[in-house]
Amino acid sequence: MLLLLLSLLVAFTLLISSTPLVHSHYNWSPSYSSHAPSTFHSEWRPARATYYAAADPRDIVGGACGYGDLERTGYGKATAGLSTVLFHKGQICGACFEVRCVEDLRWCIPGTSIILTATNFCAPNYGFEVDGGGHCNPPNAHFVLPIEAFEKIAIWKASNMPIQYRRIKCRKEGGVRFTISGGGIFLSVLISNVAGSGDIVAAKVKGSRTGWLPMGRNWGQNWHINADLKNQPLSFEMTSGDGVTLTSYNVAPKNWNFGQTFEGKQFGS
């Protein structure tokens with residue numbers, strides 16, 4: 001009898017150890033997970049792209065990431081507005097993508113690709129079907145490019161073009177830039193020109209009379225805090241989407257003013 005019980009116990013143990021674990025998928029969205037931010041991927045993924053005309057004012061207002069005039073802030077025409085499944089409520093702002101035209105030999109420029117920085121949001125239009133005018137409606141992965149960028153990979157007559165994209169590391173000249181705005185105790189900082197993953201997921205500020213103070217994301221890559229930091233040199237600590245933390249000490253001098261831009265260290269430098 002004892003031998004029989006031992007045999008049953010061993011068999012049960014082997015059964016348990018060979019049974020695969022089952023993970024809960026509660027609150028998991030398959031439409032969004034395949035486009036998770038801060039993930040570099042070497043494989044090409046399918047999407048579509050359209051363009052906007054040179055006279056469109058969106059390059060001046062800077063779009064949903066808050067970068068302002070894209071020409072003046074150094075992003076130029078190598079930019080893109082991203083659909084909902086790619087934009088992630090602004091978390092993707094500053095990330096870089098390589099994009100190439102595929103499938104349509106009539107319009108594609110063979111052997112070409114472009115590097116783009118995410119600077120804007122392509123809002124969904126639920127008045128149209130996903131495949132009937134609602135280009136940026138979920139679950140579509142869609143890029144909206146300046147026509148100058150679009151024409152580097154395809155002929156403009158292509159209009160709504162099948163493409164492939166992949167997330168890559170950003171290369172930037174100079175250091176990370178901090179543009180300070182606000183008034184009184186309200187401090188807003190636009191973080192731009194970020195190399196590496198390009199996107200910032202956490203930010204802190206420190207005055208000479210304070211410890212490190214966590215900032216909240218206001219919108220895009222604009223971060224804010226309510227704190228009296230006037231007449232103090234400012235230091236910044238940022239964490240990028242791939243988990244790298246960068247600290248720049250005394251970036252802004254004691255006599256900084258709202259409306260000024262300062263340059264700190266750079267990721268990977």
# chains A, B, ... in the order shown; residues from 1 in each chain; ligands from 1
>>> select_by_dssp(residues="segment 33-248 of chain A", states="strand (DSSP E)", output="VMD selection string")
chain A and resid 45 to 52 79 to 82 96 to 101 114 to 121 142 to 146 161 to 168 177 to 183 186 to 192 200 to 206 213 to 219 222 to 226 234 to 240 245 to 248
>>> select_by_dssp(residues="segment 126-249 of chain A", states="alpha helix (DSSP H)", output="PyMOL selection string")
chain A and resi 147-150
>>> residues_around(residues="Asn250 of chain A", least_positions_apart="3", cutoff="8 Å", atoms="only C-alpha atoms", output="list of chain:residue names")
A:Pro233, A:Leu234, A:Ser235, A:Phe236, A:Pro253
>>> atom_distance(atom1="atom CA of Asn140 of chain A", atom2="atom CA of Thr73 of chain A")
29.2 Å
>>> residues_around(residues="Arg209 of chain A", least_positions_apart="3", cutoff="12 Å", atoms="only C-alpha atoms", output="count of residues only")
14
>>> residues_around(residues="Trp107 of chain A", least_positions_apart="3", cutoff="9 Å", atoms="only C-alpha atoms", output="ChimeraX atom specification")
/A:101,104,153-158,161
>>> residues_around(residues="segment 255-267 of chain A", least_positions_apart="3", cutoff="8 Å", atoms="only C-alpha atoms", output="PDB file with N, CA and C atoms, in the first residue's frame")
ATOM      1  N   GLY A 174      24.254  67.344 -30.855  1.00  0.00           N
ATOM      2  CA  GLY A 174      24.169  68.133 -29.633  1.00  0.00           C
ATOM      3  C   GLY A 174      23.488  67.371 -28.515  1.00  0.00           C
ATOM      4  N   GLY A 175      23.201  68.094 -27.431  1.00  0.00           N
ATOM      5  CA  GLY A 175      22.610  67.465 -26.265  1.00  0.00           C
ATOM      6  C   GLY A 175      21.102  67.553 -26.226  1.00  0.00           C
ATOM      7  N   VAL A 176      20.521  66.947 -25.201  1.00  0.00           N
ATOM      8  CA  VAL A 176      19.080  67.048 -24.963  1.00  0.00           C
ATOM      9  C   VAL A 176      18.748  68.501 -24.630  1.00  0.00           C
ATOM     10  N   ARG A 177      17.643  69.005 -25.191  1.00  0.00           N
ATOM     11  CA  ARG A 177      17.264  70.402 -24.986  1.00  0.00           C
ATOM     12  C   ARG A 177      16.077  70.504 -24.029  1.00  0.00           C
ATOM     13  N   PHE A 178      16.139  71.518 -23.189  1.00  0.00           N
ATOM     14  CA  PHE A 178      15.093  71.778 -22.202  1.00  0.00           C
ATOM     15  C   PHE A 178      14.576  73.197 -22.422  1.00  0.00           C
ATOM     16  N   THR A 179      13.332  73.310 -22.865  1.00  0.00           N
ATOM     17  CA  THR A 179      12.708  74.615 -23.077  1.00  0.00           C
ATOM     18  C   THR A 179      11.746  74.878 -21.925  1.00  0.00           C
ATOM     19  N   ILE A 180      12.028  75.937 -21.177  1.00  0.00           N
ATOM     20  CA  ILE A 180      11.279  76.221 -19.954  1.00  0.00           C
ATOM     21  C   ILE A 180      10.198  77.264 -20.229  1.00  0.00           C
ATOM     22  N   SER A 181       8.984  76.942 -19.832  1.00  0.00           N
ATOM     23  CA  SER A 181       7.872  77.893 -19.947  1.00  0.00           C
ATOM     24  C   SER A 181       7.033  77.806 -18.683  1.00  0.00           C
ATOM     25  N   GLY A 182       5.996  78.624 -18.631  1.00  0.00           N
ATOM     26  CA  GLY A 182       5.124  78.644 -17.460  1.00  0.00           C
ATOM     27  C   GLY A 182       5.048  80.028 -16.869  1.00  0.00           C
ATOM     28  N   GLY A 183       4.876  80.088 -15.568  1.00  0.00           N
ATOM     29  CA  GLY A 183       4.775  81.366 -14.879  1.00  0.00           C
ATOM     30  C   GLY A 183       4.534  81.127 -13.399  1.00  0.00           C
ATOM     31  N   VAL A 194      16.202  64.241 -28.334  1.00  0.00           N
ATOM     32  CA  VAL A 194      16.611  63.107 -27.505  1.00  0.00           C
ATOM     33  C   VAL A 194      17.116  61.972 -28.395  1.00  0.00           C
ATOM     34  N   ALA A 195      18.343  61.552 -28.166  1.00  0.00           N
ATOM     35  CA  ALA A 195      18.914  60.421 -28.903  1.00  0.00           C
ATOM     36  C   ALA A 195      18.544  59.110 -28.202  1.00  0.00           C
ATOM     37  N   GLY A 196      19.033  57.999 -28.760  1.00  0.00           N
ATOM     38  CA  GLY A 196      18.721  56.696 -28.176  1.00  0.00           C
ATOM     39  C   GLY A 196      17.305  56.291 -28.500  1.00  0.00           C
ATOM     40  N   LYS A 230      12.567  79.446  -8.927  1.00  0.00           N
ATOM     41  CA  LYS A 230      13.257  80.646  -9.421  1.00  0.00           C
ATOM     42  C   LYS A 230      14.513  80.915  -8.592  1.00  0.00           C
ATOM     43  N   ASN A 231      15.478  81.551  -9.252  1.00  0.00           N
ATOM     44  CA  ASN A 231      16.741  81.926  -8.617  1.00  0.00           C
ATOM     45  C   ASN A 231      17.510  80.713  -8.089  1.00  0.00           C
ATOM     46  N   GLN A 232      17.354  79.596  -8.794  1.00  0.00           N
ATOM     47  CA  GLN A 232      18.108  78.395  -8.479  1.00  0.00           C
ATOM     48  C   GLN A 232      18.591  77.763  -9.785  1.00  0.00           C
ATOM     49  N   PRO A 233      19.825  77.289  -9.864  1.00  0.00           N
ATOM     50  CA  PRO A 233      20.220  76.506 -11.035  1.00  0.00           C
ATOM     51  C   PRO A 233      19.420  75.207 -11.070  1.00  0.00           C
ATOM     52  N   LEU A 246      19.419  59.382 -17.520  1.00  0.00           N
ATOM     53  CA  LEU A 246      20.449  60.378 -17.803  1.00  0.00           C
ATOM     54  C   LEU A 246      20.246  61.575 -16.888  1.00  0.00           C
ATOM     55  N   THR A 247      21.314  62.025 -16.247  1.00  0.00           N
ATOM     56  CA  THR A 247      21.245  63.170 -15.352  1.00  0.00           C
ATOM     57  C   THR A 247      22.130  64.287 -15.874  1.00  0.00           C
ATOM     58  N   SER A 248      21.553  65.474 -15.986  1.00  0.00           N
ATOM     59  CA  SER A 248      22.304  66.668 -16.401  1.00  0.00           C
ATOM     60  C   SER A 248      22.234  67.685 -15.275  1.00  0.00           C
ATOM     61  N   TYR A 249      23.377  67.967 -14.671  1.00  0.00           N
ATOM     62  CA  TYR A 249      23.417  68.873 -13.533  1.00  0.00           C
ATOM     63  C   TYR A 249      23.610  70.327 -13.989  1.00  0.00           C
ATOM     64  N   VAL A 251      21.924  72.515 -15.608  1.00  0.00           N
ATOM     65  CA  VAL A 251      21.677  72.820 -17.021  1.00  0.00           C
ATOM     66  C   VAL A 251      21.280  74.283 -17.185  1.00  0.00           C
ATOM     67  N   ALA A 252      20.344  74.724 -16.368  1.00  0.00           N
ATOM     68  CA  ALA A 252      19.909  76.129 -16.406  1.00  0.00           C
ATOM     69  C   ALA A 252      20.595  76.883 -15.271  1.00  0.00           C
TER      70      ALA A 252
END
>>> closest_residue(among="A:Arg106, A:Tyr52, A:Phe143, A:Glu148", to="Gln164 of chain A", atoms="only C-alpha atoms")
A:Phe143
>>> closest_residue(among="A:Cys65, A:Ile109, A:Cys96, A:Leu70", to="Trp223 of chain A", atoms="only C-alpha atoms")
A:Cys65
>>> closest_residue(among="A:Asn160, A:Asn120, A:Gln221, A:Thr239", to="Gln91 of chain A", atoms="only C-alpha atoms")
A:Gln221
>>> closest_residue(among="A:Gly241, A:Gly207, A:Pro124, A:Gly216", to="His142 of chain A", atoms="only C-alpha atoms")
A:Pro124
>>> closest_residue(among="A:Cys108, A:Leu145, A:Ala123, A:Val102", to="Ala80 of chain A", atoms="only C-alpha atoms")
A:Leu145
>>> residues_around(residues="Gly81 of chain A", least_positions_apart="6", cutoff="10 Å", atoms="only C-alpha atoms", output="PDB file with N, CA, C and O atoms, in the first residue's frame")
ATOM      1  N   ALA A  49       0.832  54.797 -45.364  1.00  0.00           N
ATOM      2  CA  ALA A  49       1.262  56.183 -45.189  1.00  0.00           C
ATOM      3  C   ALA A  49       0.545  57.089 -46.178  1.00  0.00           C
ATOM      4  O   ALA A  49       0.296  56.710 -47.326  1.00  0.00           O
ATOM      5  N   THR A  50       0.211  58.279 -45.715  1.00  0.00           N
ATOM      6  CA  THR A  50      -0.283  59.355 -46.571  1.00  0.00           C
ATOM      7  C   THR A  50       0.612  60.574 -46.314  1.00  0.00           C
ATOM      8  O   THR A  50       1.531  60.522 -45.502  1.00  0.00           O
ATOM      9  N   TYR A  51       0.321  61.675 -47.005  1.00  0.00           N
ATOM     10  CA  TYR A  51       1.144  62.871 -46.833  1.00  0.00           C
ATOM     11  C   TYR A  51       0.262  64.103 -46.734  1.00  0.00           C
ATOM     12  O   TYR A  51      -0.937  64.072 -47.040  1.00  0.00           O
ATOM     13  N   ARG A  58       0.666  72.497 -39.905  1.00  0.00           N
ATOM     14  CA  ARG A  58       0.986  71.637 -38.769  1.00  0.00           C
ATOM     15  C   ARG A  58       2.484  71.626 -38.443  1.00  0.00           C
ATOM     16  O   ARG A  58       2.874  71.343 -37.313  1.00  0.00           O
ATOM     17  N   GLY A  63       2.311  70.269 -33.636  1.00  0.00           N
ATOM     18  CA  GLY A  63       1.573  69.043 -33.440  1.00  0.00           C
ATOM     19  C   GLY A  63       1.397  68.624 -31.995  1.00  0.00           C
ATOM     20  O   GLY A  63       1.708  69.352 -31.053  1.00  0.00           O
ATOM     21  N   ALA A  64       0.935  67.401 -31.829  1.00  0.00           N
ATOM     22  CA  ALA A  64       0.498  66.900 -30.528  1.00  0.00           C
ATOM     23  C   ALA A  64       1.640  66.591 -29.575  1.00  0.00           C
ATOM     24  O   ALA A  64       1.408  66.311 -28.406  1.00  0.00           O
ATOM     25  N   CYS A  65       2.875  66.608 -30.053  1.00  0.00           N
ATOM     26  CA  CYS A  65       4.015  66.365 -29.170  1.00  0.00           C
ATOM     27  C   CYS A  65       4.539  67.641 -28.533  1.00  0.00           C
ATOM     28  O   CYS A  65       5.359  67.593 -27.613  1.00  0.00           O
ATOM     29  N   PHE A  87       0.702  55.904 -31.446  1.00  0.00           N
ATOM     30  CA  PHE A  87       0.984  57.144 -30.713  1.00  0.00           C
ATOM     31  C   PHE A  87       1.029  56.963 -29.196  1.00  0.00           C
ATOM     32  O   PHE A  87       1.764  57.658 -28.512  1.00  0.00           O
ATOM     33  N   CYS A  93       6.258  60.121 -28.534  1.00  0.00           N
ATOM     34  CA  CYS A  93       6.840  61.350 -29.077  1.00  0.00           C
ATOM     35  C   CYS A  93       8.362  61.340 -28.964  1.00  0.00           C
ATOM     36  O   CYS A  93       8.909  61.088 -27.892  1.00  0.00           O
ATOM     37  N   LEU A 116      12.415  58.798 -39.704  1.00  0.00           N
ATOM     38  CA  LEU A 116      11.436  59.788 -39.260  1.00  0.00           C
ATOM     39  C   LEU A 116      11.371  59.835 -37.739  1.00  0.00           C
ATOM     40  O   LEU A 116      11.554  58.817 -37.072  1.00  0.00           O
ATOM     41  N   THR A 117      11.091  61.026 -37.212  1.00  0.00           N
ATOM     42  CA  THR A 117      10.841  61.191 -35.783  1.00  0.00           C
ATOM     43  C   THR A 117       9.356  61.415 -35.562  1.00  0.00           C
ATOM     44  O   THR A 117       8.724  62.200 -36.279  1.00  0.00           O
ATOM     45  N   ALA A 118       8.788  60.742 -34.574  1.00  0.00           N
ATOM     46  CA  ALA A 118       7.370  60.913 -34.239  1.00  0.00           C
ATOM     47  C   ALA A 118       7.172  62.269 -33.569  1.00  0.00           C
ATOM     48  O   ALA A 118       7.698  62.516 -32.485  1.00  0.00           O
ATOM     49  N   THR A 119       6.417  63.155 -34.223  1.00  0.00           N
ATOM     50  CA  THR A 119       6.201  64.500 -33.687  1.00  0.00           C
ATOM     51  C   THR A 119       4.731  64.898 -33.606  1.00  0.00           C
ATOM     52  O   THR A 119       4.412  65.984 -33.126  1.00  0.00           O
ATOM     53  N   ASN A 120       3.835  64.043 -34.083  1.00  0.00           N
ATOM     54  CA  ASN A 120       2.438  64.457 -34.151  1.00  0.00           C
ATOM     55  C   ASN A 120       1.520  63.249 -34.045  1.00  0.00           C
ATOM     56  O   ASN A 120       1.959  62.095 -34.116  1.00  0.00           O
ATOM     57  N   PHE A 121       0.238  63.522 -33.912  1.00  0.00           N
ATOM     58  CA  PHE A 121      -0.801  62.507 -33.778  1.00  0.00           C
ATOM     59  C   PHE A 121      -1.761  62.600 -34.950  1.00  0.00           C
ATOM     60  O   PHE A 121      -2.223  63.691 -35.291  1.00  0.00           O
ATOM     61  N   CYS A 122      -2.013  61.471 -35.583  1.00  0.00           N
ATOM     62  CA  CYS A 122      -3.039  61.417 -36.624  1.00  0.00           C
ATOM     63  C   CYS A 122      -4.327  60.938 -35.968  1.00  0.00           C
ATOM     64  O   CYS A 122      -4.460  59.752 -35.632  1.00  0.00           O
ATOM     65  N   ALA A 123      -5.261  61.855 -35.756  1.00  0.00           N
ATOM     66  CA  ALA A 123      -6.480  61.542 -35.013  1.00  0.00           C
ATOM     67  C   ALA A 123      -7.414  60.647 -35.823  1.00  0.00           C
ATOM     68  O   ALA A 123      -7.509  60.775 -37.046  1.00  0.00           O
ATOM     69  N   CYS A 136      -6.541  56.576 -39.902  1.00  0.00           N
ATOM     70  CA  CYS A 136      -5.867  56.524 -38.599  1.00  0.00           C
ATOM     71  C   CYS A 136      -6.736  55.919 -37.500  1.00  0.00           C
ATOM     72  O   CYS A 136      -6.401  56.005 -36.314  1.00  0.00           O
ATOM     73  N   HIS A 142      -0.685  53.666 -39.052  1.00  0.00           N
ATOM     74  CA  HIS A 142      -0.654  54.637 -40.152  1.00  0.00           C
ATOM     75  C   HIS A 142       0.309  55.767 -39.834  1.00  0.00           C
ATOM     76  O   HIS A 142       0.379  56.253 -38.697  1.00  0.00           O
ATOM     77  N   PHE A 143       1.050  56.215 -40.856  1.00  0.00           N
ATOM     78  CA  PHE A 143       1.975  57.339 -40.749  1.00  0.00           C
ATOM     79  C   PHE A 143       1.497  58.454 -41.686  1.00  0.00           C
ATOM     80  O   PHE A 143       1.126  58.187 -42.828  1.00  0.00           O
ATOM     81  N   VAL A 144       1.522  59.699 -41.193  1.00  0.00           N
ATOM     82  CA  VAL A 144       1.240  60.859 -42.030  1.00  0.00           C
ATOM     83  C   VAL A 144       2.529  61.665 -42.132  1.00  0.00           C
ATOM     84  O   VAL A 144       3.063  62.132 -41.131  1.00  0.00           O
ATOM     85  N   LEU A 145       3.024  61.831 -43.362  1.00  0.00           N
ATOM     86  CA  LEU A 145       4.334  62.434 -43.601  1.00  0.00           C
ATOM     87  C   LEU A 145       4.206  63.773 -44.316  1.00  0.00           C
ATOM     88  O   LEU A 145       3.253  63.988 -45.069  1.00  0.00           O
ATOM     89  N   PRO A 146       5.148  64.673 -44.118  1.00  0.00           N
ATOM     90  CA  PRO A 146       5.237  65.825 -45.016  1.00  0.00           C
ATOM     91  C   PRO A 146       5.495  65.315 -46.434  1.00  0.00           C
ATOM     92  O   PRO A 146       6.177  64.297 -46.617  1.00  0.00           O
TER      93      PRO A 146
END
